[in-house]
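Trainee: Okay, handing you the structure first.
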Amino acid sequence: MNQKQPTAEVTLPPSLGRGRGRAVGSAEVSLFGLLGYPLGHSFSRAFFNKMFAQEGIDAEYLNLELPSIEQLPQVLADHPALRGFNVTIPYKQAVIPYLDALSDEARAIGAVKIVKVHVLCMNAPVLCAD
């Protein structure tokens with residue numbers, strides 16, 4: 001019997017559609033987020049969006065609520081403006097195999113809190129963790 005894989009829920013602010021960040025002039029809004037599951041209890045999205053607005057930073061903070069870490073590559077493909085994300089339970093360790101670079105500290109601890117997303121060539125994301 002085939003079980004349907006749960007889908008990732010990426011909560012987008014009303015100003016954004018699925019995919020790329022909204023265009024502002026010739027630049028794209030940078031996206032940041034929180035990776036975890038579940039995230040209904042988290043205040044991070046509201047907090048960071050308020051801080052971005054107060055500081056005049058053209059960015060949006062998303063909840064990347066993934067029932068399965070295996071959905072991360074699709075989220076990255078769907079959101080090329082994603083520039084980084086915080087990691088919370090249950091993915092602090094499970095995200096490590098998806099990273100391209102890992103700091104010595106994160107390697108020693110065996111867990112990750114912050115992932116930076118760099119886009120180098122051919123729009124392929126490179127994930128680095130501290």
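Residue names in the structure tokens use chain letters A, B, ... in the order shown, residue numbers from 1 in each chain, and ligand numbers from 1 in the order shown.
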Residues near Phe85 of chain A, anyone? I mean within 12 Å using only C-alpha atoms, not counting same-chain ones fewer than 3 positions away, as a ChimeraX atom specification.
Mentor: /A:30-36,44-45,48,60-65,72,75-76,81-82,88,91-92,95,112-118,127-130
Trainee: Could you pull out all residues of segment 45-90 of chain A with a DSSP call of strand (DSSP E or B) and give them as a ChimeraX atom specification?
Mentor: /A:59-65,82-87
Trainee: Rounded to one decimal in Å, what is the spacing between atom CA of His79 of chain A and atom CA of Leu120 of chain A?
Mentor: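 Spanning atom CA of His79 of chain A to atom CA of Leu120 of chain A is a straight-line distance of 15.3 Å.
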Trainee: Show me, as a short mmCIF file (atom, residue, chain, number, x, y, z; two decimals) with C-alpha atoms, in the first residue's frame, the residues that have an atom within 10 Å of Pro90 of chain A when counting only C-alpha atoms, minus same-chain residues fewer than 4 positions from it.
Mentor:
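selection32.cif was written with the following content:
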```
data_model
loop_
_atom_site.label_atom_id
_atom_site.label_comp_id
_atom_site.auth_asym_id
_atom_site.auth_seq_id
_atom_site.Cartn_x
_atom_site.Cartn_y
_atom_site.Cartn_z
CA LEU A 35 13.58 25.08 9.26
CA GLY A 36 11.84 22.64 11.59
CA TYR A 37 8.70 20.68 12.31
CA PRO A 38 6.26 21.54 13.72
CA LEU A 66 8.92 20.34 6.62
CA PRO A 67 7.47 17.02 7.78
CA SER A 68 10.56 15.39 6.23
CA ILE A 69 14.11 16.74 5.83
CA ALA A 94 19.53 15.71 10.09
CA VAL A 95 20.41 18.76 7.96
#
```
Trainee: According to DSSP computed on the backbone, where in segment 48-129 of chain A is there helix (DSSP H, G or I)? Give the residues as a ChimeraX atom specification.
Mentor: /A:48-55,69-78,96-98,104-109
Trainee: With C-alpha atoms retained, write the just-selected residues as a short mmCIF file (atom, residue, chain, number, x, y, z; two decimals), in the first residue's frame.
Mentor:
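Ended up saving to out01.cif:
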```
data_model
loop_
_atom_site.label_atom_id
_atom_site.label_comp_id
_atom_site.auth_asym_id
_atom_site.auth_seq_id
_atom_site.Cartn_x
_atom_site.Cartn_y
_atom_site.Cartn_z
CA PHE A 48 12.19 38.78 12.25
CA ASN A 49 9.68 40.34 9.84
CA LYS A 50 9.05 43.08 12.41
CA MET A 51 12.80 43.64 12.81
CA PHE A 52 13.36 43.75 9.03
CA ALA A 53 10.58 46.35 8.69
CA GLN A 54 11.86 48.48 11.60
CA GLU A 55 15.42 48.45 10.24
CA ILE A 69 14.11 16.74 5.83
CA GLU A 70 14.15 15.07 2.41
CA GLN A 71 11.94 17.94 1.23
CA LEU A 72 14.74 20.50 1.74
CA PRO A 73 16.16 20.32 -1.83
CA GLN A 74 12.72 21.05 -3.28
CA VAL A 75 12.26 24.03 -0.95
CA LEU A 76 15.64 25.38 -2.10
CA ALA A 77 14.63 24.90 -5.74
CA ASP A 78 11.26 26.59 -5.19
CA ILE A 96 24.16 18.02 8.07
CA PRO A 97 24.22 15.60 5.08
CA TYR A 98 22.63 18.36 2.94
CA ASP A 104 34.84 22.87 12.78
CA GLU A 105 32.63 23.92 15.69
CA ALA A 106 29.45 22.50 14.15
CA ARG A 107 31.30 19.31 13.24
CA ALA A 108 32.56 18.91 16.82
CA ILE A 109 29.11 19.58 18.30
#
```
Trainee: Can you work out the spacing between atom CA of Gly110 of chain A and atom CA of Gln93 of chain A in Å, to one decimal?
Mentor: 6.4 Å
